[in-house]
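start.txt follows (compact mmCIF, C-alpha atoms and all ligand atoms):
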# COMPACT_ATOMS: atom_id res chain seq x y z
CA MET A 1454 -31.47 33.36 14.71
CA THR A 1455 -31.82 29.58 14.74
CA LYS A 1456 -29.22 27.40 16.41
CA GLU A 1457 -28.12 26.15 12.99
CA ASN A 1458 -27.61 29.73 11.73
CA LYS A 1459 -25.43 30.64 14.73
CA LYS A 1460 -22.86 27.99 13.90
CA LYS A 1461 -19.64 29.18 12.30
CA ARG A 1462 -19.47 28.17 8.66
CA ILE A 1463 -16.71 25.94 7.41
CA LEU A 1464 -15.85 25.83 3.76
CA SER A 1465 -13.34 23.43 2.35
CA GLY A 1466 -13.08 21.53 -0.89
CA MET A 1467 -10.86 19.43 -3.08
CA ARG A 1468 -10.11 18.96 -6.74
CA PRO A 1469 -11.51 15.71 -8.17
CA THR A 1470 -8.19 14.62 -9.66
CA GLY A 1471 -8.11 11.08 -8.26
CA LYS A 1472 -8.71 8.89 -5.25
CA MET A 1473 -8.03 10.28 -1.79
CA HIS A 1474 -4.67 9.59 -0.14
CA LEU A 1475 -3.35 9.63 3.40
CA GLY A 1476 -2.18 13.25 2.99
CA ASN A 1477 -5.70 14.39 2.07
CA PHE A 1478 -6.97 12.47 5.07
CA VAL A 1479 -4.61 13.73 7.76
CA GLY A 1480 -4.32 17.25 6.33
CA ALA A 1481 -8.00 17.90 5.72
CA LEU A 1482 -10.64 15.15 5.75
CA GLU A 1483 -10.04 14.01 9.31
CA ASN A 1484 -10.38 17.61 10.47
CA TRP A 1485 -13.60 18.09 8.47
CA VAL A 1486 -15.17 15.08 10.15
CA GLU A 1487 -14.07 16.20 13.61
CA LEU A 1488 -15.43 19.72 13.12
CA GLN A 1489 -18.67 18.38 11.62
CA ASN A 1490 -19.20 16.08 14.59
CA SER A 1491 -18.40 18.76 17.17
CA ASN A 1492 -21.75 20.34 16.23
CA LYS A 1493 -20.19 23.78 16.65
CA TYR A 1494 -19.76 24.31 12.95
CA LYS A 1495 -21.79 24.07 9.79
CA ASN A 1496 -19.65 22.43 7.11
CA TYR A 1497 -19.95 23.00 3.36
CA HIS A 1498 -17.81 20.82 1.13
CA LEU A 1499 -16.97 21.75 -2.40
CA ILE A 1500 -15.97 19.58 -5.33
CA ALA A 1501 -13.59 21.93 -7.15
CA ASP A 1502 -14.22 20.53 -10.63
CA TYR A 1503 -13.45 23.76 -12.49
CA HIS A 1504 -10.16 23.95 -10.62
CA VAL A 1505 -9.11 20.67 -12.26
CA LEU A 1506 -8.89 22.51 -15.58
CA THR A 1507 -6.09 24.72 -14.26
CA THR A 1508 -3.63 21.83 -14.65
CA ASN A 1509 -5.45 19.55 -17.11
CA THR A 1510 -7.92 20.69 -19.74
CA ASP A 1511 -9.08 17.11 -20.43
CA SER A 1512 -12.40 17.02 -18.60
CA SER A 1513 -13.40 13.46 -19.48
CA ASP A 1514 -12.39 11.95 -16.11
CA ILE A 1515 -13.82 14.65 -13.88
CA LEU A 1516 -17.16 12.98 -13.19
CA ASP A 1517 -15.63 9.55 -12.50
CA ASN A 1518 -13.02 11.12 -10.25
CA THR A 1519 -15.74 13.08 -8.48
CA LEU A 1520 -17.67 9.93 -7.65
CA ASP A 1521 -14.50 8.22 -6.46
CA MET A 1522 -13.51 11.16 -4.31
CA ILE A 1523 -16.93 11.48 -2.71
CA SER A 1524 -17.00 7.74 -1.96
CA ASP A 1525 -13.83 8.35 0.06
CA TRP A 1526 -15.32 11.37 1.84
CA LEU A 1527 -18.41 9.41 2.80
CA ALA A 1528 -16.35 6.39 3.86
CA VAL A 1529 -14.30 8.41 6.37
CA GLY A 1530 -17.37 9.98 7.95
CA ILE A 1531 -18.60 13.04 6.08
CA ASP A 1532 -22.33 13.03 6.74
CA PRO A 1533 -24.07 14.62 3.74
CA GLU A 1534 -27.18 15.41 5.79
CA LYS A 1535 -25.16 17.68 8.04
CA SER A 1536 -22.59 18.81 5.50
CA PRO A 1537 -23.78 19.60 1.95
CA ILE A 1538 -21.45 18.35 -0.79
CA PHE A 1539 -21.67 20.15 -4.14
CA ARG A 1540 -19.91 20.88 -7.44
CA GLN A 1541 -18.45 24.27 -8.26
CA SER A 1542 -19.56 23.89 -11.89
CA GLN A 1543 -23.21 23.43 -10.97
CA ILE A 1544 -23.56 26.60 -8.91
CA LYS A 1545 -23.06 29.46 -11.33
CA GLU A 1546 -22.54 32.04 -8.59
CA HIS A 1547 -18.98 30.72 -8.06
CA SER A 1548 -18.04 31.96 -11.51
CA GLU A 1549 -19.85 35.25 -11.03
CA LEU A 1550 -18.18 36.06 -7.73
CA HIS A 1551 -14.83 35.00 -9.18
CA LEU A 1552 -15.25 37.58 -11.92
CA ILE A 1553 -15.94 40.37 -9.42
CA PHE A 1554 -13.02 39.30 -7.20
CA SER A 1555 -10.63 39.18 -10.14
CA MET A 1556 -10.74 42.99 -10.25
CA LEU A 1557 -9.70 43.26 -6.60
CA ILE A 1558 -6.26 41.65 -6.78
CA THR A 1559 -3.19 42.34 -8.89
CA THR A 1560 -1.42 39.82 -11.08
CA ALA A 1561 1.84 40.66 -9.24
CA ARG A 1562 0.26 39.47 -5.98
CA LEU A 1563 -0.87 36.22 -7.61
CA GLU A 1564 2.58 35.63 -9.09
CA ARG A 1565 4.10 35.75 -5.60
CA ASN A 1566 2.03 32.73 -4.47
CA PRO A 1567 4.51 30.08 -3.15
CA THR A 1568 2.10 27.17 -3.73
CA LEU A 1569 1.83 28.13 -7.38
CA LYS A 1570 5.62 28.30 -7.72
CA GLU A 1571 5.99 24.80 -6.24
CA GLN A 1572 3.23 23.38 -8.42
CA LEU A 1573 4.72 24.84 -11.61
CA GLN A 1574 8.03 23.23 -10.71
CA ASP A 1575 6.56 19.82 -9.76
CA LEU A 1576 4.36 19.60 -12.85
CA LYS A 1577 7.01 21.18 -15.12
CA VAL A 1578 4.60 23.85 -16.38
CA GLU A 1579 6.46 26.42 -18.46
CA ASN A 1580 3.66 28.64 -19.73
CA ILE A 1581 1.00 29.33 -17.16
CA THR A 1582 -2.56 30.15 -18.22
CA TYR A 1583 -4.59 33.10 -17.01
CA GLY A 1584 -6.96 30.67 -15.24
CA HIS A 1585 -4.15 28.83 -13.45
CA LEU A 1586 -2.69 32.10 -12.17
CA GLY A 1587 -6.17 33.00 -10.95
CA TYR A 1588 -6.68 29.67 -9.10
CA PRO A 1589 -6.74 31.36 -5.66
CA VAL A 1590 -9.25 33.98 -6.85
CA LEU A 1591 -11.74 31.25 -7.74
CA GLN A 1592 -10.94 29.63 -4.41
CA ALA A 1593 -11.68 32.93 -2.64
CA ALA A 1594 -15.07 32.95 -4.38
CA ASP A 1595 -15.65 29.32 -3.28
CA ILE A 1596 -15.03 30.19 0.36
CA LEU A 1597 -16.72 33.58 0.53
CA LEU A 1598 -19.83 32.59 -1.42
CA TYR A 1599 -20.76 30.59 1.70
CA ARG A 1600 -19.35 33.29 3.98
CA GLY A 1601 -16.99 30.64 5.33
CA GLU A 1602 -15.20 31.65 8.51
CA VAL A 1603 -13.01 28.60 9.03
CA VAL A 1604 -11.08 26.82 6.28
CA PRO A 1605 -9.62 23.44 7.32
CA VAL A 1606 -6.92 22.61 4.75
CA GLY A 1607 -3.38 21.32 4.42
CA GLU A 1608 -0.38 23.64 4.62
CA ASP A 1609 -0.09 24.11 0.83
CA GLN A 1610 -3.46 25.85 0.86
CA ALA A 1611 -2.62 28.39 3.58
CA PRO A 1612 -1.24 30.99 1.08
CA HIS A 1613 -4.52 30.73 -0.83
CA VAL A 1614 -6.55 31.42 2.29
CA GLU A 1615 -4.32 34.45 2.88
CA ILE A 1616 -5.29 35.73 -0.59
CA THR A 1617 -8.96 35.08 0.28
CA ARG A 1618 -8.55 37.21 3.42
CA GLU A 1619 -7.07 40.05 1.39
CA ILE A 1620 -9.89 39.89 -1.16
CA ALA A 1621 -12.56 39.83 1.58
CA ARG A 1622 -11.07 42.93 3.20
CA LYS A 1623 -10.74 44.72 -0.11
CA PHE A 1624 -14.32 43.94 -1.14
CA ASN A 1625 -15.72 45.03 2.25
CA LYS A 1626 -13.75 48.28 2.15
CA THR A 1627 -14.65 49.09 -1.45
CA TYR A 1628 -18.37 48.23 -1.44
CA GLY A 1629 -19.62 47.45 2.08
CA LYS A 1630 -19.31 44.65 4.58
CA VAL A 1631 -20.57 41.38 3.19
CA PHE A 1632 -17.80 38.91 3.92
CA PRO A 1633 -16.10 37.51 7.01
CA VAL A 1634 -12.29 37.35 6.94
CA PRO A 1635 -11.77 33.58 7.17
CA LYS A 1636 -9.10 31.72 9.12
CA THR A 1637 -7.04 28.68 8.09
CA LYS A 1638 -7.27 25.64 10.35
CA LEU A 1639 -4.32 23.27 10.08
CA THR A 1640 -3.84 19.83 11.62
CA ASN A 1641 -0.65 18.46 13.20
CA PHE A 1642 0.09 16.70 9.92
CA ALA A 1643 -0.54 19.58 7.55
CA ARG A 1644 2.05 18.40 5.03
CA LEU A 1645 2.38 14.63 4.98
CA PRO A 1646 5.33 13.47 2.89
CA GLY A 1647 4.76 11.01 0.06
CA LEU A 1648 6.79 7.85 -0.53
CA ASP A 1649 9.47 9.95 -2.32
CA ARG A 1650 9.61 12.52 0.53
CA LYS A 1651 7.95 15.29 -1.53
CA LYS A 1652 4.47 16.39 -0.46
CA MET A 1653 2.11 13.44 -0.93
CA SER A 1654 0.02 14.49 -3.98
CA LYS A 1655 -2.46 12.83 -6.30
CA SER A 1656 -0.78 14.29 -9.36
CA VAL A 1657 2.74 13.25 -8.35
CA GLY A 1658 1.94 9.54 -7.87
CA ASN A 1659 3.72 9.12 -4.52
CA THR A 1660 0.63 8.23 -2.53
CA ILE A 1661 -0.90 5.59 -0.31
CA LEU A 1662 -4.63 5.69 -0.99
CA ILE A 1663 -7.46 5.38 1.51
CA SER A 1664 -8.84 2.68 -0.81
CA ASP A 1665 -5.56 0.70 -1.07
CA LYS A 1666 -5.74 -2.91 0.08
CA LYS A 1667 -3.26 -4.57 2.43
CA LYS A 1668 -1.02 -5.96 -0.33
CA GLU A 1669 -0.84 -2.61 -2.13
CA ILE A 1670 0.07 -0.79 1.06
CA GLU A 1671 2.84 -3.32 1.77
CA LYS A 1672 4.19 -3.08 -1.76
CA LYS A 1673 4.20 0.72 -1.78
CA MET A 1674 5.76 0.90 1.67
CA MET A 1675 8.76 -1.12 0.52
CA LYS A 1676 9.55 1.68 -1.96
CA ALA A 1677 9.45 4.41 0.70
CA ILE A 1678 12.71 6.36 1.05
CA THR A 1679 14.25 6.01 4.53
CA ASP A 1680 17.36 7.51 6.14
CA PRO A 1681 20.00 7.34 3.36
CA LYS A 1682 22.75 6.85 5.98
CA LYS A 1683 21.15 3.67 7.33
CA ILE A 1684 22.50 1.23 4.76
CA ARG A 1685 22.99 -2.07 6.62
CA LEU A 1686 20.43 -3.73 8.88
CA HIS A 1687 22.08 -2.72 12.17
CA ASP A 1688 23.28 0.77 11.22
CA PRO A 1689 21.80 3.37 13.59
CA GLY A 1690 18.99 5.37 11.94
CA ARG A 1691 17.63 8.93 12.30
CA PRO A 1692 13.87 8.66 12.79
CA GLU A 1693 13.52 12.45 12.80
CA ILE A 1694 14.33 12.57 9.08
CA CYS A 1695 12.63 9.31 8.06
CA LEU A 1696 9.22 9.52 6.43
CA VAL A 1697 8.29 6.01 7.57
CA PHE A 1698 8.71 7.24 11.13
CA THR A 1699 6.37 10.17 10.36
CA TYR A 1700 3.77 7.59 9.30
CA HIS A 1701 4.37 5.64 12.54
CA GLN A 1702 3.76 8.83 14.53
CA LYS A 1703 0.34 9.26 12.98
CA PHE A 1704 -0.86 5.73 12.34
CA ASN A 1705 1.00 3.70 14.97
CA PRO A 1706 1.31 5.90 18.07
CA GLU A 1707 1.39 2.88 20.44
CA GLU A 1708 4.69 1.68 19.00
CA GLU A 1709 6.21 5.09 18.26
CA ARG A 1710 8.56 5.25 21.26
CA GLU A 1711 9.88 1.74 20.89
CA ILE A 1712 10.43 2.16 17.15
CA LYS A 1713 12.30 5.41 17.69
CA LYS A 1714 14.58 3.82 20.29
CA ASN A 1715 15.31 0.69 18.27
CA CYS A 1716 15.84 2.58 15.02
CA LYS A 1717 18.36 4.88 16.72
CA SER A 1718 20.23 2.02 18.34
CA GLY A 1719 20.29 -0.03 15.13
CA ALA A 1720 18.28 -2.90 16.64
CA LEU A 1721 15.43 -2.34 14.16
CA GLY A 1722 16.03 -2.69 10.41
CA CYS A 1723 14.12 -0.71 7.76
CA VAL A 1724 12.36 -3.75 6.25
CA GLU A 1725 10.88 -4.82 9.59
CA CYS A 1726 10.00 -1.20 10.42
CA LYS A 1727 8.20 -0.82 7.08
CA LYS A 1728 6.26 -4.06 7.57
CA ARG A 1729 5.02 -2.84 10.94
CA CYS A 1730 4.13 0.53 9.45
CA ALA A 1731 2.16 -1.05 6.58
CA ALA A 1732 0.27 -3.23 9.08
CA ALA A 1733 -0.62 -0.20 11.22
CA ILE A 1734 -1.84 1.80 8.20
CA ASN A 1735 -3.88 -1.17 7.05
CA ASP A 1736 -5.53 -1.45 10.50
CA PHE A 1737 -6.18 2.28 10.50
CA LEU A 1738 -7.94 2.15 7.12
CA ALA A 1739 -9.87 -1.08 7.76
CA PRO A 1740 -12.96 0.58 9.31
CA PHE A 1741 -13.48 2.69 6.16
CA ARG A 1742 -13.45 -0.22 3.69
CA GLU A 1743 -17.01 -1.49 3.92
CA LYS A 1744 -18.57 1.91 3.28
CA ARG A 1745 -16.02 2.64 0.53
CA ASN A 1746 -16.99 -0.58 -1.25
CA TYR A 1747 -20.67 0.15 -0.87
CA TYR A 1748 -20.42 3.58 -2.50
CA SER A 1749 -18.10 2.42 -5.25
CA LYS A 1750 -20.86 -0.02 -6.26
CA ASN A 1751 -23.71 2.47 -5.81
CA LYS A 1752 -22.58 5.49 -7.78
CA ASP A 1753 -26.13 6.67 -8.47
CA GLU A 1754 -26.59 7.11 -4.76
CA VAL A 1755 -23.43 9.22 -4.60
CA LEU A 1756 -24.69 11.40 -7.44
CA ASP A 1757 -28.03 11.86 -5.65
CA ILE A 1758 -26.18 12.97 -2.51
CA ILE A 1759 -24.29 15.56 -4.56
CA LYS A 1760 -27.44 16.85 -6.27
CA ASP A 1761 -29.17 17.23 -2.93
CA GLY A 1762 -26.13 19.13 -1.57
CA GLU A 1763 -26.26 21.40 -4.62
CA LYS A 1764 -29.85 22.43 -3.89
CA ARG A 1765 -28.94 23.38 -0.32
CA ALA A 1766 -25.69 25.15 -1.26
CA GLN A 1767 -27.40 27.09 -4.03
CA LYS A 1768 -29.71 28.78 -1.52
CA VAL A 1769 -26.78 30.19 0.42
CA ALA A 1770 -25.00 31.19 -2.79
CA LEU A 1771 -28.04 33.17 -3.98
CA GLU A 1772 -28.39 34.91 -0.63
CA THR A 1773 -24.76 36.02 -0.75
CA MET A 1774 -24.97 37.26 -4.32
CA LYS A 1775 -28.08 39.25 -3.46
CA ARG A 1776 -26.09 41.05 -0.78
CA VAL A 1777 -23.16 41.53 -3.14
CA HIS A 1778 -25.42 43.12 -5.76
CA GLU A 1779 -27.03 45.34 -3.14
CA VAL A 1780 -23.80 46.78 -1.77
CA MET A 1781 -22.39 47.18 -5.30
CA LYS A 1782 -25.61 48.93 -6.33
CA LEU A 1783 -26.06 46.57 -9.26
CA GLY A 1784 -29.41 45.30 -10.44
P1 LIG B 1801 -3.30 17.55 -6.73
O1 LIG B 1801 -1.96 16.86 -6.94
O2 LIG B 1801 -4.29 17.27 -7.80
O3 LIG B 1801 -3.13 19.03 -6.41
P2 LIG B 1801 -3.42 16.91 -3.94
O4 LIG B 1801 -3.03 15.54 -3.60
O5 LIG B 1801 -2.43 18.00 -3.71
O6 LIG B 1801 -3.91 16.86 -5.45
P3 LIG B 1801 -5.66 18.55 -3.33
O7 LIG B 1801 -6.97 18.19 -3.94
O8 LIG B 1801 -4.85 19.65 -3.96
O9 LIG B 1801 -4.76 17.24 -3.21
O10 LIG B 1801 -5.85 18.92 -1.82
C1 LIG B 1801 -6.98 18.55 -1.08
C2 LIG B 1801 -6.76 18.89 0.38
O11 LIG B 1801 -5.80 17.98 0.94
C3 LIG B 1801 -6.20 20.29 0.62
O12 LIG B 1801 -6.75 20.80 1.82
C4 LIG B 1801 -4.72 20.07 0.78
O13 LIG B 1801 -4.09 21.08 1.55
C5 LIG B 1801 -4.72 18.72 1.51
N1 LIG B 1801 -3.50 17.98 1.22
C6 LIG B 1801 -3.09 17.55 0.02
N2 LIG B 1801 -1.93 16.89 0.12
C7 LIG B 1801 -1.59 16.91 1.44
C8 LIG B 1801 -0.51 16.39 2.20
N3 LIG B 1801 0.47 15.73 1.61
N4 LIG B 1801 -0.48 16.59 3.54
C9 LIG B 1801 -1.49 17.27 4.14
N5 LIG B 1801 -2.54 17.79 3.49
C10 LIG B 1801 -2.60 17.62 2.16
MG MG B 1802 -2.86 20.02 -4.52
Show this structure as structure tokens.
Ligand code: ATP
Ligand code: MG
Amino acid sequence: MTKENKKKRILSGMRPTGKMHLGNFVGALENWVELQNSNKYKNYHLIADYHVLTTNTDSSDILDNTLDMISDWLAVGIDPEKSPIFRQSQIKEHSELHLIFSMLITTARLERNPTLKEQLQDLKVENITYGHLGYPVLQAADILLYRGEVVPVGEDQAPHVEITREIARKFNKTYGKVFPVPKTKLTNFARLPGLDRKKMSKSVGNTILISDKKKEIEKKMMKAITDPKKIRLHDPGRPEICLVFTYHQKFNPEEEREIKKNCKSGALGCVECKKRCAAAINDFLAPFREKRNYYSKNKDEVLDIIKDGEKRAQKVALETMKRVHEVMKLG
């Protein structure tokens, strides 16, 4: 076995539904880069373009959003040489494995998925499609096609990884051992709140983007909901329930203690606190900007990176499907 083959495989992906935000970064991307650079893992990163259709059947923006999303991934440090990046729609084995897996799980189990319940509520979906209900089954195929062992994602995805584990066990028991039973890997900020306190999400519009400029960050920050009991400048605040303080904890650790103390005592007002938070986030994002700009102007290069990733991912996908067909005695 070569050194490369001994590394544990990581599989994680995202839906190309818009530009990347701070939640995507702290919940997943930052972890991907760290694991990639540790050299202990082999990362595979999926563009879940078919998954977009679960909540929006208009496919006209998918390619543009894909290029935007990958520009963000590259800007924060995903190295496509080490970590292939590829589209679900271009590797047909995702759909094939999804079909096989769809027989190994009940609809009742899928209906109990808490992430689905939250999403239906947030997006006000009344009639769910068959494909939307089956979202985690396609995700299980995405992970297991690469025999992924570690899945670094935000907290909302943990129930989906649990379903993947159940499907892997069921397949192995029914047909023969092909798949590992993967584990979720969460960060300390696995559910970053958005400016309205709900989970920061592309589709909800409560985000600060990795690509936002200083002025945009400042403007958005002023809308952030703080402690509702801190009304006047010198009222004492409760940092533990304030989302701006959560942002300070991640993006401004040097000032965290002082801000906590002065918020509690009433010495620090929300406007000043928000200005300092926006400045810290801006400094944090500054190193990514040059690369982000480069890729947003060189989209052909981004597409070439994806196509190269697809060739490499396809090889692994074919290997897995060969084993699947063997144990199932098909073909
Ligand atoms: P959408 O609204 O289209 O579902 P999203 O903003 O929820 O978009 P996803 O593409 O669903 O983003 O998620 C990509 C990755 O980022 C997943 O691993 C997810 O768990 C993680 N993630 C998304 N939002 C957050 C958040 N607020 N905090 C931490 N991690 C997050
Ligand atoms: Mg989401």
Counting only C-alpha atoms and all ligand atoms, give me one row per residue of chain A with an atom at most 10 Å from an atom of ligand MG 1802 (chain B), showing the shortest contact pair and its distance in Å to one decimal, sorted by chain then residue number, as a tab-separated table.
residue	atom	partner	partner_atom	distance
A:Met1467	CA	B:MG1802	MG	8.1
A:Arg1468	CA	B:MG1802	MG	7.7
A:Thr1470	CA	B:MG1802	MG	9.2
A:Asn1477	CA	B:MG1802	MG	9.1
A:Val1505	CA	B:MG1802	MG	10.0
A:Thr1568	CA	B:MG1802	MG	8.7
A:Leu1569	CA	B:MG1802	MG	9.8
A:Gln1572	CA	B:MG1802	MG	8.0
A:Gly1607	CA	B:MG1802	MG	9.0
A:Asp1609	CA	B:MG1802	MG	7.3
A:Gln1610	CA	B:MG1802	MG	8.0
A:Lys1652	CA	B:MG1802	MG	9.1
A:Met1653	CA	B:MG1802	MG	9.0
A:Ser1654	CA	B:MG1802	MG	6.3
A:Lys1655	CA	B:MG1802	MG	7.4
A:Ser1656	CA	B:MG1802	MG	7.8
A:Val1657	CA	B:MG1802	MG	9.6
**Prompt:** Which chains and residue numbers are within 10 Å of ligand LIG 1801 (chain B), counting all atoms listed in the file, if I want them as JSON, numbers by chain?
**Reply:** {"A": [1465, 1466, 1467, 1468, 1469, 1470, 1471, 1472, 1473, 1474, 1475, 1476, 1477, 1478, 1479, 1480, 1481, 1482, 1484, 1485, 1500, 1501, 1504, 1505, 1508, 1509, 1522, 1572, 1575, 1576, 1604, 1605, 1606, 1607, 1608, 1609, 1610, 1611, 1613, 1638, 1639, 1640, 1641, 1642, 1643, 1644, 1645, 1646, 1647, 1650, 1651, 1652, 1653, 1654, 1655, 1656, 1657, 1658, 1659, 1660]}
**Request:** Give me, please, the distance in Å between atom CA of A:Met1556 and atom CA of A:Gln1541, quoted to one decimal.
**Result:**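 That distance, rounded to one decimal, is 20.3 Å.
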**Request:** Name the closest residue to A:Val1777 among the candidates A:Phe1554, A:Tyr1583, A:Tyr1747, A:Tyr1588; distances are taken between atoms, counting all atoms listed in the file.
**Result:**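 The closest residue to A:Val1777 is A:Phe1554.
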**Message:** Applying 9 Å and all atoms listed in the file, which residues near stretch 1664-1667 of chain A remain after dropping the ones on its own chain fewer than 4 positions away? List them as a list in words.
**Reply:** Lys1472, Met1473, His1474, Asp1525, Glu1671, Lys1672, Ala1731, Ala1732, Ile1734, Asn1735, Asp1736, Leu1738, Ala1739, Phe1741, Arg1742, Arg1745 and Asn1746 of chain A
**Residues near A:Lys1714, cut-off 10 Å, only C-alpha atoms, skip fewer than 4 positions along chain, as a PyMOL selection string** = chain A and resi 1689-1692+1709-1710+1718-1721
**Asked** Between atom CA of A:Ile1596 and atom CA of A:Lys1459, what is the spacing in Å?
**Response**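 Going from atom CA of A:Lys1459 over to atom CA of A:Ile1596, I get 17.7 Å.
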**Message:** Quick one: residues within 12 Å of A:Lys1570, only C-alpha atoms, excluding same-chain residues fewer than 4 positions away - as a PyMOL selection string?
**Reply:** chain A and resi 1563-1566+1574-1579+1581+1585-1586+1609+1612
**Message:** Given only C-alpha atoms as the basis, pick out the residue of A:Lys1768, A:His1687, A:Arg1776, A:Arg1622 nearest to A:Asn1715.
**Reply:** A:His1687
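Straight-line separation from atom CA of A:Met1774 to atom CA of A:Tyr1628: 13.1 Å.
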